[in-house]
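Enquirer: data-v1.pdb (PDB, C-alpha atoms, pLDDT in the B column) pasted underneath:
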```
ATOM      1  CA  MET A  45       0.000   0.000   0.000  1.00 42.00           C
ATOM      2  CA  ALA A  46       1.399   3.419  -0.974  1.00 41.00           C
ATOM      3  CA  VAL A  47       1.914   5.911   1.807  1.00 42.00           C
ATOM      4  CA  ASP A  48       2.073   9.670   1.158  1.00 44.00           C
ATOM      5  CA  ASP A  49       5.230  11.454   2.290  1.00 44.00           C
ATOM      6  CA  PRO A  50       4.089  13.834   5.032  1.00 46.00           C
ATOM      7  CA  LYS A  51       6.902  16.264   4.091  1.00 49.00           C
ATOM      8  CA  ALA A  52       5.867  16.446   0.436  1.00 48.00           C
ATOM      9  CA  PRO A  53       3.948  19.615  -0.567  1.00 50.00           C
ATOM     10  CA  LYS A  54       0.267  19.090  -1.080  1.00 52.00           C
ATOM     11  CA  PRO A  55      -1.122  19.989  -4.530  1.00 49.00           C
ATOM     12  CA  ALA A  56      -3.321  23.071  -4.664  1.00 50.00           C
ATOM     13  CA  PRO A  57      -6.969  22.364  -5.366  1.00 48.00           C
ATOM     14  CA  SER A  58      -7.805  22.861  -9.019  1.00 46.00           C
ATOM     15  CA  THR A  59     -10.435  25.384 -10.092  1.00 44.00           C
ATOM     16  CA  PRO A  60     -12.728  24.279 -12.879  1.00 43.00           C
ATOM     17  CA  THR A  61     -12.551  26.516 -15.986  1.00 42.00           C
ATOM     18  CA  LEU A  62     -14.527  26.628 -19.204  1.00 40.00           C
ATOM     19  CA  ALA A  63     -12.709  25.159 -22.172  1.00 43.00           C
ATOM     20  CA  THR A  64     -12.172  27.359 -25.214  1.00 38.00           C
ATOM     21  CA  PRO A  65     -14.663  26.369 -27.933  1.00 36.00           C
ATOM     22  CA  THR A  66     -13.038  24.515 -30.791  1.00 31.00           C
ATOM     23  CA  VAL A  67     -16.034  24.678 -33.131  1.00 31.00           C
ATOM     24  CA  ILE A  68     -16.146  27.732 -35.402  1.00 34.00           C
ATOM     25  CA  PRO A  69     -19.671  28.992 -36.094  1.00 46.00           C
ATOM     26  CA  GLY A  70     -20.892  28.212 -39.607  1.00 52.00           C
ATOM     27  CA  HIS A  71     -20.477  30.847 -42.329  1.00 63.00           C
ATOM     28  CA  ASP A  72     -23.776  32.070 -43.775  1.00 79.00           C
ATOM     29  CA  ALA A  73     -22.937  32.354 -47.470  1.00 76.00           C
ATOM     30  CA  ALA A  74     -26.565  33.075 -48.387  1.00 83.00           C
ATOM     31  CA  ALA A  75     -26.619  36.113 -46.111  1.00 85.00           C
ATOM     32  CA  VAL A  76     -23.412  37.411 -47.689  1.00 86.00           C
ATOM     33  CA  ALA A  77     -24.811  36.926 -51.204  1.00 83.00           C
ATOM     34  CA  ALA A  78     -28.009  38.782 -50.267  1.00 87.00           C
ATOM     35  CA  LYS A  79     -26.186  42.063 -49.567  1.00 92.00           C
ATOM     36  CA  ASP A  80     -24.124  44.444 -51.658  1.00 95.00           C
ATOM     37  CA  MET A  81     -20.466  43.412 -51.655  1.00 96.00           C
ATOM     38  CA  THR A  82     -18.959  46.804 -50.845  1.00 97.00           C
ATOM     39  CA  PHE A  83     -15.245  47.141 -50.218  1.00 97.00           C
ATOM     40  CA  ALA A  84     -15.921  47.121 -46.474  1.00 95.00           C
ATOM     41  CA  ALA A  85     -18.136  44.029 -46.769  1.00 95.00           C
ATOM     42  CA  GLY A  86     -15.206  41.976 -48.023  1.00 94.00           C
ATOM     43  CA  ASN A  87     -14.563  40.976 -44.419  1.00 93.00           C
ATOM     44  CA  THR A  88     -17.869  39.062 -44.364  1.00 93.00           C
ATOM     45  CA  LEU A  89     -16.558  36.477 -46.830  1.00 93.00           C
ATOM     46  CA  ALA A  90     -15.211  33.192 -45.583  1.00 90.00           C
ATOM     47  CA  ALA A  91     -11.444  32.784 -45.636  1.00 88.00           C
ATOM     48  CA  SER A  92      -9.809  31.394 -48.778  1.00 85.00           C
ATOM     49  CA  VAL A  93     -12.972  30.916 -50.839  1.00 86.00           C
ATOM     50  CA  PRO A  94     -13.041  31.141 -54.658  1.00 86.00           C
ATOM     51  CA  ILE A  95     -14.895  33.945 -56.430  1.00 89.00           C
ATOM     52  CA  SER A  96     -15.981  33.306 -60.011  1.00 90.00           C
ATOM     53  CA  PHE A  97     -17.755  34.777 -63.023  1.00 91.00           C
ATOM     54  CA  GLY A  98     -20.939  33.180 -64.243  1.00 86.00           C
ATOM     55  CA  GLN A  99     -21.231  32.401 -67.932  1.00 80.00           C
ATOM     56  CA  GLY A 100     -23.824  34.257 -69.940  1.00 83.00           C
ATOM     57  CA  LEU A 101     -22.073  36.585 -72.351  1.00 92.00           C
ATOM     58  CA  GLU A 102     -21.664  33.774 -74.904  1.00 91.00           C
ATOM     59  CA  GLU A 103     -25.458  33.458 -74.994  1.00 90.00           C
ATOM     60  CA  THR A 104     -25.814  37.109 -75.979  1.00 93.00           C
ATOM     61  CA  PRO A 105     -26.340  37.782 -79.702  1.00 94.00           C
ATOM     62  CA  GLY A 106     -23.164  39.106 -81.304  1.00 95.00           C
ATOM     63  CA  TRP A 107     -20.781  37.572 -78.751  1.00 96.00           C
ATOM     64  CA  ARG A 108     -18.801  34.323 -78.779  1.00 96.00           C
ATOM     65  CA  ILE A 109     -16.160  32.597 -76.657  1.00 95.00           C
ATOM     66  CA  THR A 110     -12.691  32.691 -78.203  1.00 95.00           C
ATOM     67  CA  ARG A 111     -10.789  31.079 -75.328  1.00 91.00           C
ATOM     68  CA  ASN A 112     -12.486  29.068 -72.600  1.00 89.00           C
ATOM     69  CA  ASN A 113     -11.135  28.511 -69.089  1.00 79.00           C
ATOM     70  CA  VAL A 114      -7.468  28.980 -69.941  1.00 81.00           C
ATOM     71  CA  ASP A 115      -5.089  30.322 -67.273  1.00 79.00           C
ATOM     72  CA  SER A 116      -8.050  30.974 -64.937  1.00 80.00           C
ATOM     73  CA  GLY A 117      -9.803  33.073 -67.552  1.00 90.00           C
ATOM     74  CA  THR A 118     -12.206  33.157 -70.473  1.00 94.00           C
ATOM     75  CA  ASP A 119     -12.087  35.514 -73.474  1.00 96.00           C
ATOM     76  CA  TYR A 120     -14.977  36.718 -75.630  1.00 97.00           C
ATOM     77  CA  THR A 121     -15.209  38.626 -78.920  1.00 97.00           C
ATOM     78  CA  SER A 122     -18.105  40.612 -80.349  1.00 97.00           C
ATOM     79  CA  THR A 123     -19.096  41.304 -83.927  1.00 97.00           C
ATOM     80  CA  ALA A 124     -18.374  44.988 -83.171  1.00 96.00           C
ATOM     81  CA  GLY A 125     -14.716  44.112 -82.627  1.00 97.00           C
ATOM     82  CA  CYS A 126     -14.760  44.277 -78.829  1.00 98.00           C
ATOM     83  CA  ILE A 127     -12.730  41.852 -76.734  1.00 98.00           C
ATOM     84  CA  VAL A 128     -13.547  40.812 -73.167  1.00 97.00           C
ATOM     85  CA  SER A 129     -11.265  38.941 -70.795  1.00 97.00           C
ATOM     86  CA  ALA A 130     -12.579  37.655 -67.458  1.00 96.00           C
ATOM     87  CA  LYS A 131     -10.118  36.188 -64.962  1.00 95.00           C
ATOM     88  CA  THR A 132     -10.377  35.016 -61.364  1.00 93.00           C
ATOM     89  CA  ARG A 133      -7.611  33.655 -59.174  1.00 92.00           C
ATOM     90  CA  THR A 134      -7.322  32.138 -55.716  1.00 90.00           C
ATOM     91  CA  LYS A 135      -4.472  31.959 -53.173  1.00 90.00           C
ATOM     92  CA  GLN A 136      -3.728  35.644 -53.659  1.00 92.00           C
ATOM     93  CA  ARG A 137      -2.575  36.367 -50.121  1.00 91.00           C
ATOM     94  CA  SER A 138       0.378  38.436 -51.359  1.00 93.00           C
ATOM     95  CA  LEU A 139      -2.051  41.025 -52.783  1.00 94.00           C
ATOM     96  CA  SER A 140      -4.295  41.141 -49.720  1.00 94.00           C
ATOM     97  CA  VAL A 141      -4.519  44.060 -47.297  1.00 95.00           C
ATOM     98  CA  ALA A 142      -6.308  43.028 -44.112  1.00 92.00           C
ATOM     99  CA  GLY A 143      -9.572  44.920 -43.705  1.00 91.00           C
ATOM    100  CA  ASP A 144      -9.055  47.140 -46.773  1.00 96.00           C
ATOM    101  CA  ASP A 145     -10.095  45.666 -50.128  1.00 97.00           C
ATOM    102  CA  ASN A 146     -10.003  49.140 -51.701  1.00 97.00           C
ATOM    103  CA  ALA A 147      -6.309  49.610 -50.899  1.00 96.00           C
ATOM    104  CA  ALA A 148      -5.561  46.015 -51.928  1.00 97.00           C
ATOM    105  CA  THR A 149      -7.252  46.547 -55.297  1.00 97.00           C
ATOM    106  CA  ALA A 150      -5.378  49.786 -55.940  1.00 97.00           C
ATOM    107  CA  GLY A 151      -2.210  47.888 -55.067  1.00 96.00           C
ATOM    108  CA  MET A 152      -3.036  45.209 -57.632  1.00 96.00           C
ATOM    109  CA  PHE A 153      -3.371  47.833 -60.368  1.00 97.00           C
ATOM    110  CA  ALA A 154       0.024  49.242 -59.383  1.00 95.00           C
ATOM    111  CA  TYR A 155       1.483  45.731 -59.371  1.00 94.00           C
ATOM    112  CA  LEU A 156       0.194  45.092 -62.898  1.00 93.00           C
ATOM    113  CA  ASP A 157       1.301  48.526 -64.162  1.00 95.00           C
ATOM    114  CA  SER A 158       3.481  50.762 -61.994  1.00 94.00           C
ATOM    115  CA  SER A 159       2.390  53.843 -63.974  1.00 94.00           C
ATOM    116  CA  VAL A 160      -1.197  53.526 -62.679  1.00 95.00           C
ATOM    117  CA  LEU A 161      -1.683  56.013 -59.838  1.00 93.00           C
ATOM    118  CA  PRO A 162      -4.573  55.795 -57.334  1.00 91.00           C
ATOM    119  CA  GLU A 163      -6.138  58.993 -58.702  1.00 94.00           C
ATOM    120  CA  TYR A 164      -6.582  57.305 -62.096  1.00 96.00           C
ATOM    121  CA  LEU A 165      -8.960  54.756 -60.578  1.00 98.00           C
ATOM    122  CA  LYS A 166     -12.699  55.173 -60.115  1.00 98.00           C
ATOM    123  CA  THR A 167     -15.127  53.135 -58.036  1.00 98.00           C
ATOM    124  CA  ALA A 168     -17.597  51.177 -60.173  1.00 98.00           C
ATOM    125  CA  GLN A 169     -20.028  48.304 -59.672  1.00 97.00           C
ATOM    126  CA  LEU A 170     -20.470  44.892 -61.207  1.00 96.00           C
ATOM    127  CA  ARG A 171     -23.349  42.483 -60.536  1.00 95.00           C
ATOM    128  CA  TRP A 172     -23.067  40.329 -57.417  1.00 95.00           C
ATOM    129  CA  GLY A 173     -25.164  37.224 -57.986  1.00 91.00           C
ATOM    130  CA  GLY A 174     -28.677  36.946 -59.322  1.00 86.00           C
ATOM    131  CA  ASP A 175     -29.803  36.439 -62.910  1.00 78.00           C
ATOM    132  CA  ASP A 176     -31.895  38.227 -65.543  1.00 69.00           C
ATOM    133  CA  GLU A 177     -35.145  37.279 -63.780  1.00 71.00           C
ATOM    134  CA  LYS A 178     -33.877  38.096 -60.295  1.00 77.00           C
ATOM    135  CA  PRO A 179     -31.155  40.747 -60.344  1.00 76.00           C
ATOM    136  CA  GLY A 180     -28.496  40.418 -57.676  1.00 82.00           C
ATOM    137  CA  LYS A 181     -26.715  42.993 -55.591  1.00 93.00           C
ATOM    138  CA  LYS A 182     -23.811  45.307 -56.397  1.00 96.00           C
ATOM    139  CA  LEU A 183     -20.122  44.508 -56.169  1.00 97.00           C
ATOM    140  CA  ASP A 184     -17.669  47.359 -55.621  1.00 98.00           C
ATOM    141  CA  VAL A 185     -14.654  47.328 -57.933  1.00 98.00           C
ATOM    142  CA  LEU A 186     -12.047  49.833 -59.079  1.00 98.00           C
ATOM    143  CA  ALA A 187     -12.007  50.767 -62.757  1.00 98.00           C
ATOM    144  CA  LEU A 188      -9.369  52.189 -65.067  1.00 98.00           C
ATOM    145  CA  GLU A 189     -10.713  53.550 -68.356  1.00 97.00           C
ATOM    146  CA  THR A 190      -8.696  54.640 -71.390  1.00 96.00           C
ATOM    147  CA  LYS A 191     -10.050  56.644 -74.333  1.00 96.00           C
ATOM    148  CA  ALA A 192      -9.404  55.522 -77.880  1.00 96.00           C
ATOM    149  CA  ALA A 193      -6.435  57.159 -79.595  1.00 95.00           C
ATOM    150  CA  PRO A 194      -5.563  55.077 -82.677  1.00 89.00           C
ATOM    151  CA  PRO A 195      -3.782  52.734 -82.723  1.00 93.00           C
ATOM    152  CA  VAL A 196      -4.718  52.491 -79.008  1.00 95.00           C
ATOM    153  CA  ARG A 197      -8.170  50.985 -78.471  1.00 97.00           C
ATOM    154  CA  ALA A 198     -10.746  52.249 -75.985  1.00 98.00           C
ATOM    155  CA  SER A 199     -10.673  50.082 -72.880  1.00 98.00           C
ATOM    156  CA  VAL A 200     -11.794  49.653 -69.301  1.00 98.00           C
ATOM    157  CA  VAL A 201     -10.436  47.306 -66.657  1.00 98.00           C
ATOM    158  CA  TYR A 202     -12.495  46.369 -63.596  1.00 98.00           C
ATOM    159  CA  ALA A 203     -10.677  44.724 -60.689  1.00 98.00           C
ATOM    160  CA  ARG A 204     -11.280  43.599 -57.114  1.00 98.00           C
ATOM    161  CA  VAL A 205      -9.087  41.982 -54.494  1.00 97.00           C
ATOM    162  CA  PHE A 206     -11.009  40.045 -51.844  1.00 96.00           C
ATOM    163  CA  SER A 207      -8.444  40.122 -49.040  1.00 95.00           C
ATOM    164  CA  GLN A 208     -10.377  37.907 -46.637  1.00 93.00           C
ATOM    165  CA  ALA A 209     -11.100  35.346 -49.339  1.00 93.00           C
ATOM    166  CA  GLU A 210      -7.593  35.673 -50.837  1.00 93.00           C
ATOM    167  CA  SER A 211      -9.182  35.861 -54.304  1.00 94.00           C
ATOM    168  CA  THR A 212      -8.959  38.369 -57.138  1.00 95.00           C
ATOM    169  CA  LEU A 213     -11.009  39.143 -60.219  1.00 96.00           C
ATOM    170  CA  LEU A 214     -10.140  41.076 -63.346  1.00 97.00           C
ATOM    171  CA  LEU A 215     -12.587  41.992 -66.108  1.00 97.00           C
ATOM    172  CA  SER A 216     -11.306  43.927 -69.117  1.00 98.00           C
ATOM    173  CA  ILE A 217     -13.148  45.263 -72.166  1.00 98.00           C
ATOM    174  CA  SER A 218     -11.472  46.786 -75.200  1.00 98.00           C
ATOM    175  CA  CYS A 219     -13.157  48.130 -78.323  1.00 98.00           C
ATOM    176  CA  PRO A 220     -12.124  49.973 -81.491  1.00 97.00           C
ATOM    177  CA  THR A 221     -13.920  53.194 -80.491  1.00 97.00           C
ATOM    178  CA  ASP A 222     -15.220  54.990 -77.403  1.00 97.00           C
ATOM    179  CA  ALA A 223     -18.796  54.574 -78.668  1.00 97.00           C
ATOM    180  CA  ALA A 224     -18.353  50.830 -79.093  1.00 97.00           C
ATOM    181  CA  LEU A 225     -16.925  50.569 -75.581  1.00 98.00           C
ATOM    182  CA  ALA A 226     -19.836  52.526 -74.093  1.00 97.00           C
ATOM    183  CA  ALA A 227     -22.291  50.142 -75.753  1.00 96.00           C
ATOM    184  CA  ALA A 228     -20.350  47.034 -74.735  1.00 97.00           C
ATOM    185  CA  LYS A 229     -19.994  47.988 -71.059  1.00 97.00           C
ATOM    186  CA  GLY A 230     -23.708  47.797 -70.339  1.00 93.00           C
ATOM    187  CA  THR A 231     -24.034  44.382 -71.991  1.00 94.00           C
ATOM    188  CA  VAL A 232     -20.951  42.916 -70.352  1.00 95.00           C
ATOM    189  CA  ILE A 233     -21.838  44.115 -66.847  1.00 94.00           C
ATOM    190  CA  LYS A 234     -25.362  42.730 -67.223  1.00 91.00           C
ATOM    191  CA  ARG A 235     -24.251  39.324 -68.502  1.00 92.00           C
ATOM    192  CA  MET A 236     -20.952  38.750 -66.679  1.00 92.00           C
ATOM    193  CA  VAL A 237     -22.362  38.187 -63.186  1.00 93.00           C
ATOM    194  CA  VAL A 238     -19.877  37.642 -60.362  1.00 94.00           C
ATOM    195  CA  GLN A 239     -20.976  34.559 -58.451  1.00 91.00           C
ATOM    196  CA  PRO A 240     -20.827  34.766 -54.634  1.00 89.00           C
ATOM    197  CA  PRO A 241     -19.255  31.677 -53.060  1.00 85.00           C
ATOM    198  CA  ALA A 242     -21.643  29.027 -51.772  1.00 76.00           C
ATOM    199  CA  ASP A 243     -21.332  26.993 -48.545  1.00 62.00           C
TER     200      ASP A 243
END
```
Turn the structure described in the file into structure tokens.
Expert:
Amino acid sequence: MAVDDPKAPKPAPSTPTLATPTVIPGHDAAAVAAKDMTFAAGNTLAASVPISFGQGLEETPGWRITRNNVDSGTDYTSTAGCIVSAKTRTKQRSLSVAGDDNAATAGMFAYLDSSVLPEYLKTAQLRWGGDDEKPGKKLDVLALETKAAPPVRASVVYARVFSQAESTLLLSISCPTDAALAAAKGTVIKRMVVQPPAD
């Protein structure tokens, strides 16, 4: 039979404590998709989720796919001579700025072209979910537009870095003339819906 050493220190009584929860509450993707995706709302996305473009432009009269799902992107061409390139990428932590998708997006423009200054960029909106029967919400992006000056084509580039999701999107439109670009922008924005991530 074991006998306790009377000279040994007695252990202090333990106080029960609540364990730290190890279960993370579920992410409500539907709630995120139901609201405008402003720059500030980027923090409501789940971490490391993919953002993607829906397909619909190829079903629009006068447009066709010229390159499908190559290098994370799809290209389209119109009978008016306009070219659209839609790209999304994941694992973009190096471009992220915690809590500031606006600054991260401006940084991406500078990364792609060091001559692009923040004052050249304007806030614009793309469609965030929905379809033609049930329009979705708005997605904040930064846009860089260039007027036509032959041989330079008229163009606009829309971009967004989702810092929390570590995803980026880039949508560019170029056309032979300013008038052709103005006409194409409305069609492209309507048909190239950005799809919110699902659970």
Enquirer: Could you expand the PyMOL selection byres ((chain A and resi 140) around 10) into the explicit residues it covers here, written as a ChimeraX atom specification?
Expert: /A:135-139,141-145,147-149,151-152,205-212
Enquirer: Starting from the PyMOL selection byres ((chain A and resi 215) around 10), expand the selection into actual residues of this file and give them as number ranges by chain.
Expert: A: 97, 117-119, 128-132, 170, 185, 187, 200-204, 213-214, 216-217, 232-233, 236
Enquirer: Select, from A:Ala75, A:Val237, A:Ile95, A:Ile109, the residue with the minimum atom-to-atom distance to Gly180 (chain A), counting all atoms listed in the file.
Expert: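 Under the stated criterion, the closest residue is A:Val237.
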Enquirer: Could you tell me which residues the PyMOL selection byres ((chain A and resi 231) around 12) grabs in this file, written as a ChimeraX atom specification?
Expert: /A:100-107,122,126,128,170-171,176,217,224-230,232-237
Enquirer: Enter the distance from CA of Asp175 (chain A) to CA of Asp222 (chain A), in Å, rounded to one decimal.
Expert: 27.7 Å
Enquirer: Can you measure CA of Val238 (chain A) to CA of Gly174 (chain A) for me? One decimal in Å is fine.
Expert: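 Computed distance, CA of Val238 (chain A) to CA of Gly174 (chain A), equals 8.9 Å.
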Enquirer: Which residue is closest to Lys166 (chain A)? Choose from A:Val114, A:Ala90, A:Leu188, A:Ile127 and count all atoms listed in the file.
Expert: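 Closest to Lys166 (chain A), using all atoms listed in the file: A:Leu188.
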Enquirer: With 4 Å added on each side, what axis-aligned box encloses every listed atom of region 230-242 of chain A? Give the centre and edge lengths in Å to one decimal, as lines of an AutoDock Vina configuration file.
Expert:
```
center_x = -22.3
center_y = 38.4
center_z = -61.9
size_x = 14.1
size_y = 26.8
size_z = 28.2
```
Enquirer: Quick one: distance from CA of Thr167 (chain A) to CA of Val93 (chain A) in Å, one decimal?
Expert: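 Spanning CA of Thr167 (chain A) to CA of Val93 (chain A) is a straight-line distance of 23.5 Å.
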Enquirer: Find the residue from A:Ala223, A:Ala168, A:Val196, A:Ala154 that sits nearest to Met81 (chain A); use only C-alpha atoms when measuring.
Expert: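 Result for the nearest residue to Met81 (chain A): A:Ala168.
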Enquirer: With all atoms listed in the file as the atoms that count, which of A:Gly125, A:Asn146, A:Asp184, A:Val160 lies nearest to Ala198 (chain A)?
Expert: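 Counting all atoms listed in the file, the residue closest to Ala198 (chain A) is A:Gly125.
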Enquirer: Rank A:Lys191, A:Lys79, A:Lys181, A:Arg108 by their smallest atom-to-atom distance to Thr221 (chain A), using all atoms listed in the file, and report the top residue only.
Expert: A:Lys191
Enquirer: Which residue is closest to Pro220 (chain A)? Choose from A:Ser159, A:Leu183, A:Ala84, A:Ala124 and count only C-alpha atoms.
Expert: A:Ala124
Enquirer: Which residues are close to Ala73 (chain A), i.e. within 12 Å by all atoms listed in the file, leaving aside same-chain residues fewer than 2 positions away? Reply as a PyMOL selection string.
Expert: chain A and resi 70-71+75-79+88-91+93+173+239-243
Enquirer: Write a file for region 127-156 of chain A of the given structure; include N, CA and C atoms and format it as a PDB file, in the first residue's frame.
Expert:
```pdb
ATOM      1  N   ILE A 127     -13.324  43.040 -77.360  1.00  0.00           N
ATOM      2  CA  ILE A 127     -12.730  41.852 -76.734  1.00  0.00           C
ATOM      3  C   ILE A 127     -12.900  41.960 -75.225  1.00  0.00           C
ATOM      4  N   VAL A 128     -13.357  40.875 -74.617  1.00  0.00           N
ATOM      5  CA  VAL A 128     -13.547  40.812 -73.167  1.00  0.00           C
ATOM      6  C   VAL A 128     -12.695  39.690 -72.608  1.00  0.00           C
ATOM      7  N   SER A 129     -12.028  39.970 -71.497  1.00  0.00           N
ATOM      8  CA  SER A 129     -11.265  38.941 -70.795  1.00  0.00           C
ATOM      9  C   SER A 129     -11.705  38.946 -69.336  1.00  0.00           C
ATOM     10  N   ALA A 130     -12.118  37.790 -68.845  1.00  0.00           N
ATOM     11  CA  ALA A 130     -12.579  37.655 -67.458  1.00  0.00           C
ATOM     12  C   ALA A 130     -11.704  36.636 -66.748  1.00  0.00           C
ATOM     13  N   LYS A 131     -11.018  37.075 -65.688  1.00  0.00           N
ATOM     14  CA  LYS A 131     -10.118  36.188 -64.962  1.00  0.00           C
ATOM     15  C   LYS A 131     -10.398  36.239 -63.461  1.00  0.00           C
ATOM     16  N   THR A 132     -10.309  35.088 -62.829  1.00  0.00           N
ATOM     17  CA  THR A 132     -10.377  35.016 -61.364  1.00  0.00           C
ATOM     18  C   THR A 132      -9.246  34.116 -60.887  1.00  0.00           C
ATOM     19  N   ARG A 133      -8.701  34.467 -59.721  1.00  0.00           N
ATOM     20  CA  ARG A 133      -7.611  33.655 -59.174  1.00  0.00           C
ATOM     21  C   ARG A 133      -7.784  33.514 -57.666  1.00  0.00           C
ATOM     22  N   THR A 134      -7.297  32.386 -57.152  1.00  0.00           N
ATOM     23  CA  THR A 134      -7.322  32.138 -55.716  1.00  0.00           C
ATOM     24  C   THR A 134      -5.894  32.131 -55.177  1.00  0.00           C
ATOM     25  N   LYS A 135      -5.774  31.991 -53.844  1.00  0.00           N
ATOM     26  CA  LYS A 135      -4.472  31.959 -53.173  1.00  0.00           C
ATOM     27  C   LYS A 135      -3.671  33.224 -53.474  1.00  0.00           C
ATOM     28  N   GLN A 136      -4.344  34.361 -53.353  1.00  0.00           N
ATOM     29  CA  GLN A 136      -3.728  35.644 -53.659  1.00  0.00           C
ATOM     30  C   GLN A 136      -3.377  36.424 -52.391  1.00  0.00           C
ATOM     31  N   ARG A 137      -2.872  35.726 -51.400  1.00  0.00           N
ATOM     32  CA  ARG A 137      -2.575  36.367 -50.121  1.00  0.00           C
ATOM     33  C   ARG A 137      -1.580  37.518 -50.274  1.00  0.00           C
ATOM     34  N   SER A 138      -0.650  37.402 -51.208  1.00  0.00           N
ATOM     35  CA  SER A 138       0.378  38.436 -51.359  1.00  0.00           C
ATOM     36  C   SER A 138      -0.208  39.784 -51.770  1.00  0.00           C
ATOM     37  N   LEU A 139      -1.406  39.779 -52.371  1.00  0.00           N
ATOM     38  CA  LEU A 139      -2.051  41.025 -52.783  1.00  0.00           C
ATOM     39  C   LEU A 139      -3.032  41.557 -51.743  1.00  0.00           C
ATOM     40  N   SER A 140      -3.293  40.782 -50.708  1.00  0.00           N
ATOM     41  CA  SER A 140      -4.295  41.141 -49.720  1.00  0.00           C
ATOM     42  C   SER A 140      -3.804  42.237 -48.778  1.00  0.00           C
ATOM     43  N   VAL A 141      -4.753  43.063 -48.346  1.00  0.00           N
ATOM     44  CA  VAL A 141      -4.519  44.060 -47.297  1.00  0.00           C
ATOM     45  C   VAL A 141      -5.631  43.857 -46.281  1.00  0.00           C
ATOM     46  N   ALA A 142      -5.299  43.388 -45.111  1.00  0.00           N
ATOM     47  CA  ALA A 142      -6.308  43.028 -44.112  1.00  0.00           C
ATOM     48  C   ALA A 142      -7.258  44.183 -43.842  1.00  0.00           C
ATOM     49  N   GLY A 143      -8.555  43.930 -44.026  1.00  0.00           N
ATOM     50  CA  GLY A 143      -9.572  44.920 -43.705  1.00  0.00           C
ATOM     51  C   GLY A 143      -9.698  46.057 -44.690  1.00  0.00           C
ATOM     52  N   ASP A 144      -9.005  46.012 -45.834  1.00  0.00           N
ATOM     53  CA  ASP A 144      -9.055  47.140 -46.773  1.00  0.00           C
ATOM     54  C   ASP A 144      -8.958  46.636 -48.218  1.00  0.00           C
ATOM     55  N   ASP A 145     -10.084  46.167 -48.756  1.00  0.00           N
ATOM     56  CA  ASP A 145     -10.095  45.666 -50.128  1.00  0.00           C
ATOM     57  C   ASP A 145      -9.837  46.778 -51.141  1.00  0.00           C
ATOM     58  N   ASN A 146     -10.235  48.007 -50.795  1.00  0.00           N
ATOM     59  CA  ASN A 146     -10.003  49.140 -51.701  1.00  0.00           C
ATOM     60  C   ASN A 146      -8.508  49.345 -51.909  1.00  0.00           C
ATOM     61  N   ALA A 147      -7.757  49.420 -50.812  1.00  0.00           N
ATOM     62  CA  ALA A 147      -6.309  49.610 -50.899  1.00  0.00           C
ATOM     63  C   ALA A 147      -5.647  48.423 -51.589  1.00  0.00           C
ATOM     64  N   ALA A 148      -6.129  47.208 -51.302  1.00  0.00           N
ATOM     65  CA  ALA A 148      -5.561  46.015 -51.928  1.00  0.00           C
ATOM     66  C   ALA A 148      -5.773  46.044 -53.437  1.00  0.00           C
ATOM     67  N   THR A 149      -6.954  46.494 -53.866  1.00  0.00           N
ATOM     68  CA  THR A 149      -7.252  46.547 -55.297  1.00  0.00           C
ATOM     69  C   THR A 149      -6.403  47.598 -56.001  1.00  0.00           C
ATOM     70  N   ALA A 150      -6.255  48.757 -55.371  1.00  0.00           N
ATOM     71  CA  ALA A 150      -5.378  49.786 -55.940  1.00  0.00           C
ATOM     72  C   ALA A 150      -3.949  49.257 -56.038  1.00  0.00           C
ATOM     73  N   GLY A 151      -3.537  48.485 -55.048  1.00  0.00           N
ATOM     74  CA  GLY A 151      -2.210  47.888 -55.067  1.00  0.00           C
ATOM     75  C   GLY A 151      -2.044  46.896 -56.198  1.00  0.00           C
ATOM     76  N   MET A 152      -3.116  46.162 -56.526  1.00  0.00           N
ATOM     77  CA  MET A 152      -3.036  45.209 -57.632  1.00  0.00           C
ATOM     78  C   MET A 152      -2.848  45.934 -58.955  1.00  0.00           C
ATOM     79  N   PHE A 153      -3.563  47.052 -59.152  1.00  0.00           N
ATOM     80  CA  PHE A 153      -3.371  47.833 -60.368  1.00  0.00           C
ATOM     81  C   PHE A 153      -1.918  48.290 -60.484  1.00  0.00           C
ATOM     82  N   ALA A 154      -1.360  48.783 -59.373  1.00  0.00           N
ATOM     83  CA  ALA A 154       0.024  49.242 -59.383  1.00  0.00           C
ATOM     84  C   ALA A 154       0.986  48.100 -59.644  1.00  0.00           C
ATOM     85  N   TYR A 155       0.649  46.911 -59.146  1.00  0.00           N
ATOM     86  CA  TYR A 155       1.483  45.731 -59.371  1.00  0.00           C
ATOM     87  C   TYR A 155       1.480  45.343 -60.853  1.00  0.00           C
ATOM     88  N   LEU A 156       0.305  45.447 -61.489  1.00  0.00           N
ATOM     89  CA  LEU A 156       0.194  45.092 -62.898  1.00  0.00           C
ATOM     90  C   LEU A 156       0.821  46.148 -63.801  1.00  0.00           C
TER      91      LEU A 156
END
```
